[in-house]
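What follows is the content of protein.txt, which has compact mmCIF, C-alpha atoms (C1' of nucleotides):
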```txt
# COMPACT_ATOMS: atom_id res chain seq x y z
CA MET A 1340 49.97 98.85 -166.98
CA LYS A 1341 48.66 95.47 -165.87
CA ILE A 1342 51.26 93.24 -164.20
CA ALA A 1343 50.55 89.61 -163.32
CA SER A 1344 52.21 86.61 -161.70
CA TRP A 1345 51.45 82.94 -162.27
CA ASN A 1346 53.08 79.76 -161.03
CA VAL A 1347 52.26 77.48 -163.99
CA ASN A 1348 53.73 74.23 -162.54
CA SER A 1349 55.32 73.16 -165.85
CA LEU A 1350 55.03 75.51 -168.80
CA ASN A 1351 55.26 72.49 -171.08
CA VAL A 1352 51.93 71.20 -169.74
CA ARG A 1353 50.35 74.62 -169.14
CA LEU A 1354 51.18 76.42 -172.40
CA PRO A 1355 47.60 76.11 -173.73
CA HIS A 1356 46.24 77.55 -170.47
CA LEU A 1357 48.76 80.38 -170.63
CA GLU A 1358 47.79 81.19 -174.24
CA THR A 1359 44.08 81.20 -173.37
CA TRP A 1360 44.63 83.37 -170.31
CA LEU A 1361 46.90 85.88 -172.12
CA ALA A 1362 44.24 86.33 -174.81
CA SER A 1363 41.51 87.11 -172.25
CA ALA A 1364 43.39 88.91 -169.45
CA LYS A 1365 45.75 90.83 -171.79
CA PRO A 1366 48.36 91.65 -169.12
CA ASP A 1367 51.24 93.96 -170.13
CA VAL A 1368 53.72 91.98 -168.04
CA VAL A 1369 53.54 88.42 -166.72
CA ALA A 1370 55.99 86.82 -164.30
CA LEU A 1371 55.95 83.02 -164.48
CA GLN A 1372 57.30 80.51 -161.97
CA GLU A 1373 57.96 76.76 -162.05
CA THR A 1374 58.39 76.66 -165.81
CA LYS A 1375 60.48 73.49 -165.30
CA LEU A 1376 62.12 73.93 -168.71
CA GLU A 1377 65.72 74.32 -169.81
CA ASP A 1378 66.20 77.55 -171.76
CA THR A 1379 66.72 75.63 -175.02
CA ARG A 1380 63.21 74.20 -174.64
CA PHE A 1381 61.42 77.45 -173.73
CA PRO A 1382 58.41 77.99 -176.05
CA ASP A 1383 59.34 81.56 -177.02
CA THR A 1384 58.05 81.09 -180.59
CA ALA A 1385 54.55 80.11 -179.43
CA ILE A 1386 54.58 82.96 -176.91
CA ALA A 1387 55.67 85.43 -179.62
CA ALA A 1388 52.77 84.19 -181.75
CA ALA A 1389 50.53 85.16 -178.83
CA GLY A 1390 52.02 88.68 -179.02
CA TYR A 1391 54.50 88.48 -176.13
CA ARG A 1392 58.26 88.85 -175.81
CA SER A 1393 59.92 86.58 -173.29
CA VAL A 1394 63.06 86.27 -171.21
CA PHE A 1395 63.64 83.18 -169.12
CA SER A 1396 65.96 81.38 -166.76
CA GLY A 1397 65.14 77.74 -166.33
CA GLN A 1398 66.32 74.24 -165.60
CA LYS A 1399 65.07 70.73 -166.16
CA THR A 1400 62.39 69.30 -163.81
CA TYR A 1401 62.49 71.96 -161.06
CA ASN A 1402 62.06 75.71 -160.61
CA GLY A 1403 62.44 78.08 -163.59
CA VAL A 1404 61.21 81.66 -164.03
CA ALA A 1405 60.25 83.82 -167.00
CA ILE A 1406 59.01 87.34 -167.73
CA LEU A 1407 56.66 87.97 -170.66
CA THR A 1408 55.72 91.41 -172.01
CA ARG A 1409 53.03 92.37 -174.50
CA MET A 1410 54.55 93.64 -177.75
CA ASP A 1411 51.87 96.27 -178.26
CA ALA A 1412 52.13 97.57 -174.69
CA PRO A 1413 53.57 101.07 -174.09
CA GLY A 1414 57.27 100.98 -175.00
CA GLY A 1415 56.74 97.87 -177.13
CA GLY A 1416 57.27 95.62 -174.13
CA VAL A 1417 61.04 95.90 -174.53
CA LEU A 1418 62.94 94.17 -171.69
CA ASP A 1419 66.15 95.90 -170.55
CA ASP A 1420 68.91 95.07 -168.04
CA VAL A 1421 67.91 91.44 -167.68
CA GLN A 1422 69.40 89.82 -164.59
CA ALA A 1423 69.08 86.15 -163.63
CA GLY A 1424 69.72 85.09 -160.05
CA ILE A 1425 70.70 87.11 -157.00
CA PRO A 1426 74.13 88.69 -157.63
CA GLY A 1427 76.76 87.21 -155.32
CA PHE A 1428 74.46 84.41 -154.08
CA GLU A 1429 75.62 81.11 -155.55
CA ASP A 1430 72.56 79.03 -156.35
CA ALA A 1431 72.07 76.31 -158.95
CA GLN A 1432 68.29 76.70 -158.58
CA LYS A 1433 66.72 79.08 -161.11
CA ARG A 1434 64.41 81.19 -158.95
CA VAL A 1435 65.02 84.84 -159.81
CA LEU A 1436 64.74 86.93 -162.97
CA ALA A 1437 64.66 90.74 -163.20
CA ALA A 1438 64.16 93.12 -166.11
CA THR A 1439 63.16 96.73 -166.70
CA VAL A 1440 59.96 97.27 -168.70
CA ASN A 1441 58.60 100.71 -169.56
CA GLY A 1442 60.54 102.29 -166.68
CA VAL A 1443 59.40 99.71 -164.11
CA ARG A 1444 61.85 97.24 -162.58
CA ILE A 1445 60.20 93.81 -162.55
CA VAL A 1446 61.69 91.27 -160.12
CA ASP A 1447 60.19 87.79 -160.57
CA VAL A 1448 60.81 85.35 -157.72
CA TYR A 1449 60.03 81.72 -157.03
CA VAL A 1450 60.72 81.64 -153.31
CA VAL A 1451 61.96 78.36 -151.81
CA ASN A 1452 59.07 76.20 -150.50
CA GLY A 1453 60.95 75.02 -147.40
CA GLN A 1454 59.19 71.65 -146.99
CA SER A 1455 58.75 71.78 -143.19
CA VAL A 1456 59.86 73.99 -140.31
CA GLY A 1457 63.31 72.95 -139.12
CA SER A 1458 64.27 71.01 -142.25
CA GLU A 1459 67.39 71.67 -144.34
CA LYS A 1460 65.18 73.15 -147.04
CA TYR A 1461 63.66 75.48 -144.47
CA ALA A 1462 67.14 76.72 -143.49
CA TYR A 1463 67.88 77.25 -147.20
CA LYS A 1464 64.59 79.19 -147.54
CA LEU A 1465 65.56 81.58 -144.73
CA ARG A 1466 69.11 82.02 -146.11
CA TRP A 1467 67.67 82.62 -149.56
CA LEU A 1468 65.24 85.23 -148.22
CA GLU A 1469 68.12 87.02 -146.46
CA ALA A 1470 70.05 87.19 -149.72
CA LEU A 1471 66.95 88.49 -151.52
CA HIS A 1472 66.48 91.14 -148.83
CA ALA A 1473 70.07 92.40 -149.11
CA TRP A 1474 69.93 92.51 -152.92
CA LEU A 1475 66.53 94.25 -152.97
CA ARG A 1476 67.91 97.07 -150.83
CA GLU A 1477 70.37 97.88 -153.64
CA GLU A 1478 67.89 97.19 -156.41
CA MET A 1479 65.29 99.56 -154.91
CA ARG A 1480 67.88 102.31 -154.63
CA ARG A 1481 68.73 101.87 -158.31
CA TYR A 1482 65.12 101.47 -159.42
CA PRO A 1483 62.63 103.39 -157.26
CA ARG A 1484 59.83 102.18 -159.54
CA LEU A 1485 60.02 98.49 -158.65
CA VAL A 1486 57.65 95.51 -158.48
CA LEU A 1487 58.70 92.35 -156.63
CA LEU A 1488 56.29 89.57 -157.51
CA GLY A 1489 55.95 85.84 -157.72
CA ASP A 1490 55.28 82.73 -155.69
CA PHE A 1491 56.49 83.74 -152.22
CA ASN A 1492 55.56 80.45 -150.54
CA ILE A 1493 54.56 82.62 -147.54
CA ALA A 1494 51.00 83.59 -146.59
CA PRO A 1495 51.32 87.07 -145.04
CA ARG A 1496 48.48 87.09 -142.46
CA ASP A 1497 45.69 84.95 -141.02
CA LEU A 1498 43.28 86.50 -143.55
CA ASP A 1499 45.40 84.87 -146.27
CA VAL A 1500 44.80 81.26 -145.12
CA HIS A 1501 41.64 79.16 -144.95
CA ASP A 1502 42.39 77.84 -141.47
CA PRO A 1503 44.68 79.92 -139.22
CA ALA A 1504 44.63 77.19 -136.54
CA GLN A 1505 46.29 74.79 -138.98
CA TRP A 1506 48.43 77.37 -140.75
CA ASN A 1507 50.07 78.70 -137.60
CA ASP A 1508 53.44 79.91 -136.22
CA ASP A 1509 54.90 76.40 -136.46
CA HIS A 1510 53.69 75.50 -139.97
CA ILE A 1511 55.58 75.84 -143.21
CA LEU A 1512 54.41 78.84 -145.32
CA THR A 1513 53.11 80.65 -142.20
CA SER A 1514 55.84 80.23 -139.56
CA ARG A 1515 57.03 83.26 -137.61
CA PRO A 1516 60.54 83.36 -139.21
CA GLU A 1517 59.04 83.19 -142.73
CA ARG A 1518 56.55 85.95 -142.00
CA ASP A 1519 59.29 88.00 -140.32
CA ALA A 1520 61.36 87.69 -143.50
CA LEU A 1521 58.41 88.89 -145.58
CA ASP A 1522 57.78 91.75 -143.15
CA GLY A 1523 61.46 92.66 -143.50
CA LEU A 1524 61.00 93.08 -147.25
CA LEU A 1525 57.85 95.17 -146.70
CA ALA A 1526 59.73 97.35 -144.19
CA GLN A 1527 62.10 98.39 -146.98
CA GLY A 1528 59.24 100.30 -148.57
CA LEU A 1529 57.25 97.65 -150.39
CA HIS A 1530 53.47 97.19 -150.27
CA ASP A 1531 51.32 94.09 -150.79
CA ALA A 1532 49.21 95.56 -153.61
CA PHE A 1533 46.33 93.08 -153.34
CA ARG A 1534 45.94 93.67 -149.61
CA ALA A 1535 46.36 97.45 -149.90
CA LEU A 1536 43.49 97.62 -152.38
CA ASN A 1537 41.33 94.87 -150.85
CA PRO A 1538 41.88 95.25 -147.09
CA ALA A 1539 39.25 92.75 -145.94
CA GLU A 1540 38.91 90.35 -148.88
CA ARG A 1541 39.67 86.70 -148.19
CA ALA A 1542 41.10 85.44 -151.47
CA PHE A 1543 43.50 82.63 -152.24
CA SER A 1544 45.97 82.00 -155.06
CA TRP A 1545 46.92 78.38 -154.35
CA TRP A 1546 44.89 75.28 -153.58
CA ASP A 1547 46.47 71.87 -153.02
CA TYR A 1548 45.70 69.23 -155.66
CA ARG A 1549 44.70 66.86 -152.86
CA GLN A 1550 41.58 66.49 -150.70
CA PHE A 1551 39.32 68.42 -153.10
CA ALA A 1552 40.97 71.57 -151.76
CA LEU A 1553 39.68 73.81 -154.56
CA ARG A 1554 36.07 72.62 -154.24
CA ARG A 1555 36.26 73.19 -150.45
CA ASP A 1556 38.16 76.48 -150.95
CA LEU A 1557 41.01 75.29 -148.74
CA GLY A 1558 43.54 77.74 -150.12
CA LEU A 1559 46.30 80.15 -149.28
CA ARG A 1560 47.32 83.52 -150.72
CA ILE A 1561 51.02 82.99 -151.37
CA ASP A 1562 51.35 84.60 -154.82
CA LEU A 1563 52.08 88.25 -154.11
CA THR A 1564 52.79 91.50 -155.93
CA LEU A 1565 54.82 93.92 -153.81
CA VAL A 1566 55.13 97.46 -155.16
CA SER A 1567 57.55 100.19 -154.12
CA ASP A 1568 56.43 103.42 -152.45
CA MET A 1569 56.48 105.27 -155.77
CA LEU A 1570 54.24 102.70 -157.48
CA ARG A 1571 51.87 102.29 -154.53
CA ALA A 1572 50.10 105.54 -155.42
CA GLU A 1573 49.58 104.29 -159.00
CA CYS A 1574 47.86 101.02 -158.06
CA VAL A 1575 44.20 101.22 -159.06
CA ALA A 1576 43.08 97.58 -158.81
CA ALA A 1577 44.37 94.13 -157.86
CA GLY A 1578 42.87 90.67 -157.99
CA ILE A 1579 43.28 86.94 -158.42
CA ASP A 1580 41.85 85.13 -161.46
CA LYS A 1581 40.50 81.93 -159.95
CA GLU A 1582 39.09 80.68 -163.24
CA PRO A 1583 42.22 79.01 -164.72
CA ARG A 1584 42.44 76.93 -161.53
CA THR A 1585 39.07 75.40 -162.51
CA TRP A 1586 40.17 74.40 -166.03
CA GLU A 1587 41.01 70.84 -166.96
CA ARG A 1588 44.48 69.70 -165.78
CA PRO A 1589 45.27 73.04 -164.13
CA SER A 1590 48.24 74.49 -162.31
CA ASP A 1591 47.68 74.42 -158.55
CA HIS A 1592 48.12 78.24 -158.59
CA ALA A 1593 45.89 80.98 -160.03
CA PRO A 1594 47.22 84.16 -161.69
CA ALA A 1595 47.39 87.27 -159.47
CA TRP A 1596 47.48 90.74 -161.02
CA VAL A 1597 47.73 94.44 -160.28
CA GLN A 1598 46.68 97.36 -162.47
CA LEU A 1599 48.83 100.50 -162.42
CA ALA A 1600 47.41 103.82 -163.67
CA GLY A 1601 48.84 105.14 -166.94
C1' DA B 1329 48.64 60.53 -137.40
C1' DT B 1330 48.50 59.51 -142.17
C1' DG B 1331 48.05 60.34 -146.83
C1' DG B 1332 45.78 62.32 -150.23
C1' DT B 1333 47.31 64.56 -156.20
C1' DG B 1334 50.18 66.22 -159.82
C1' DG B 1335 54.48 67.06 -162.72
C1' DG B 1336 58.52 64.96 -164.32
C1' DC B 1337 60.57 61.03 -165.44
C1' DT B 1338 62.06 56.26 -163.48
C1' DA B 1339 63.95 59.19 -157.83
C1' DC B 1340 66.41 58.08 -151.37
C1' DC B 1341 61.98 63.85 -155.98
C1' DC B 1342 59.48 68.18 -155.09
C1' DA B 1343 55.47 70.56 -154.05
```
Would it be possible to restate this file's structure as structure tokens?
Amino acid sequence: MKIASWNVNSLNVRLPHLETWLASAKPDVVALQETKLEDTRFPDTAIAAAGYRSVFSGQKTYNGVAILTRMDAPGGGVLDDVQAGIPGFEDAQKRVLAATVNGVRIVDVYVVNGQSVGSEKYAYKLRWLEALHAWLREEMRRYPRLVLLGDFNIAPRDLDVHDPAQWNDDHILTSRPERDALDGLLAQGLHDAFRALNPAERAFSWWDYRQFALRRDLGLRIDLTLVSDMLRAECVAAGIDKEPRTWERPSDHAPAWVQLAG
DNA sequence: ATGGTGGGCTACCCA
């Protein structure tokens, strides 16, 4: 079972890239972020033509998440117990979507960016991460086979940033409170699949559109796939497909994936 | 220290 995550930065613009990538990578499950589409405008017909079912929770202009499953995957890619948002956490921003696929609980998240340390958006990010943490504790009890994946807007360690001096304790995406929140999730029994399988590999999933960041490889690894204890033993490979980031008019993120045995 | 690019859409935006 191959499970992937991709922040597409507008599915309207990136649909051709998504179709091309689905045809070559053939993931069983894909979690999308920043679809930036109201549900009435979601391209489920085009995605079905590509062989994928879809569930989605979106809004105009900002945010938006979706889960796609391959129809000819084991179990037919049927999506059960679909849940949008964090239960009990009032939030107009569409950042969370969960569904069960072939016995695996998939939790797709578009974590708050936070703008800058100390800003109102930063405070919202930390509050949001607390709510996610509390909900995940329940969700993991209900679904021991669980994958939490998406754009975390947090780079876990120095190995995950191009310049640790710049991306330090006081910088957004790497600040101590953000990394503490991520470590709190990991402490519940989740594992960063990419890092577990590639302990020393410096690889990024996001490069800024500005300053020729891709060409200079000035990136961060902020798109993560966290797997529960039970699934950790089934992870056989994990990687980041840099190629779509090199295509014309790309998303600023590349797809990240993990392969589970069986 | 600033501003660079891109998406969405015309904004005191968000990343």
Checklist entry - Once you count only C-alpha atoms (C1' of nucleotides), which residues of chain A turn out to be within 12 Å of chain B? Could you give them as an NGL selection string? => result :A and (1346-1353 or 1373-1376 or 1399-1402 or 1451-1455 or 1460 or 1492 or 1545-1552 or 1588-1592)
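Our summary of the geometry notes that atom CA of A:Val1575 is positioned 6.2 Å from atom CA of A:Ala1600.
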Checklist entry - Contacts of A:Ile1342 at 8 Å or less, counting all atoms listed in the file, minus same-chain residues fewer than 4 places along, as a PyMOL selection string? => result chain A and resi 1366-1370+1596-1599
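One distance worth recording is that between atom CA of A:Gly1442 and atom CA of A:Leu1475, which is 17.0 Å.
Between atom CA of A:Arg1571 and atom CA of A:Glu1540 the interatomic distance comes to 18.5 Å.
All residues of protein, DNA or RNA that reach within 6 Å of A:Arg1434, judged by only C-alpha atoms (C1' of nucleotides) and not counting those fewer than 2 positions away in the chain, are Gly1403, Gln1432, Val1448 and Tyr1449 of chain A.
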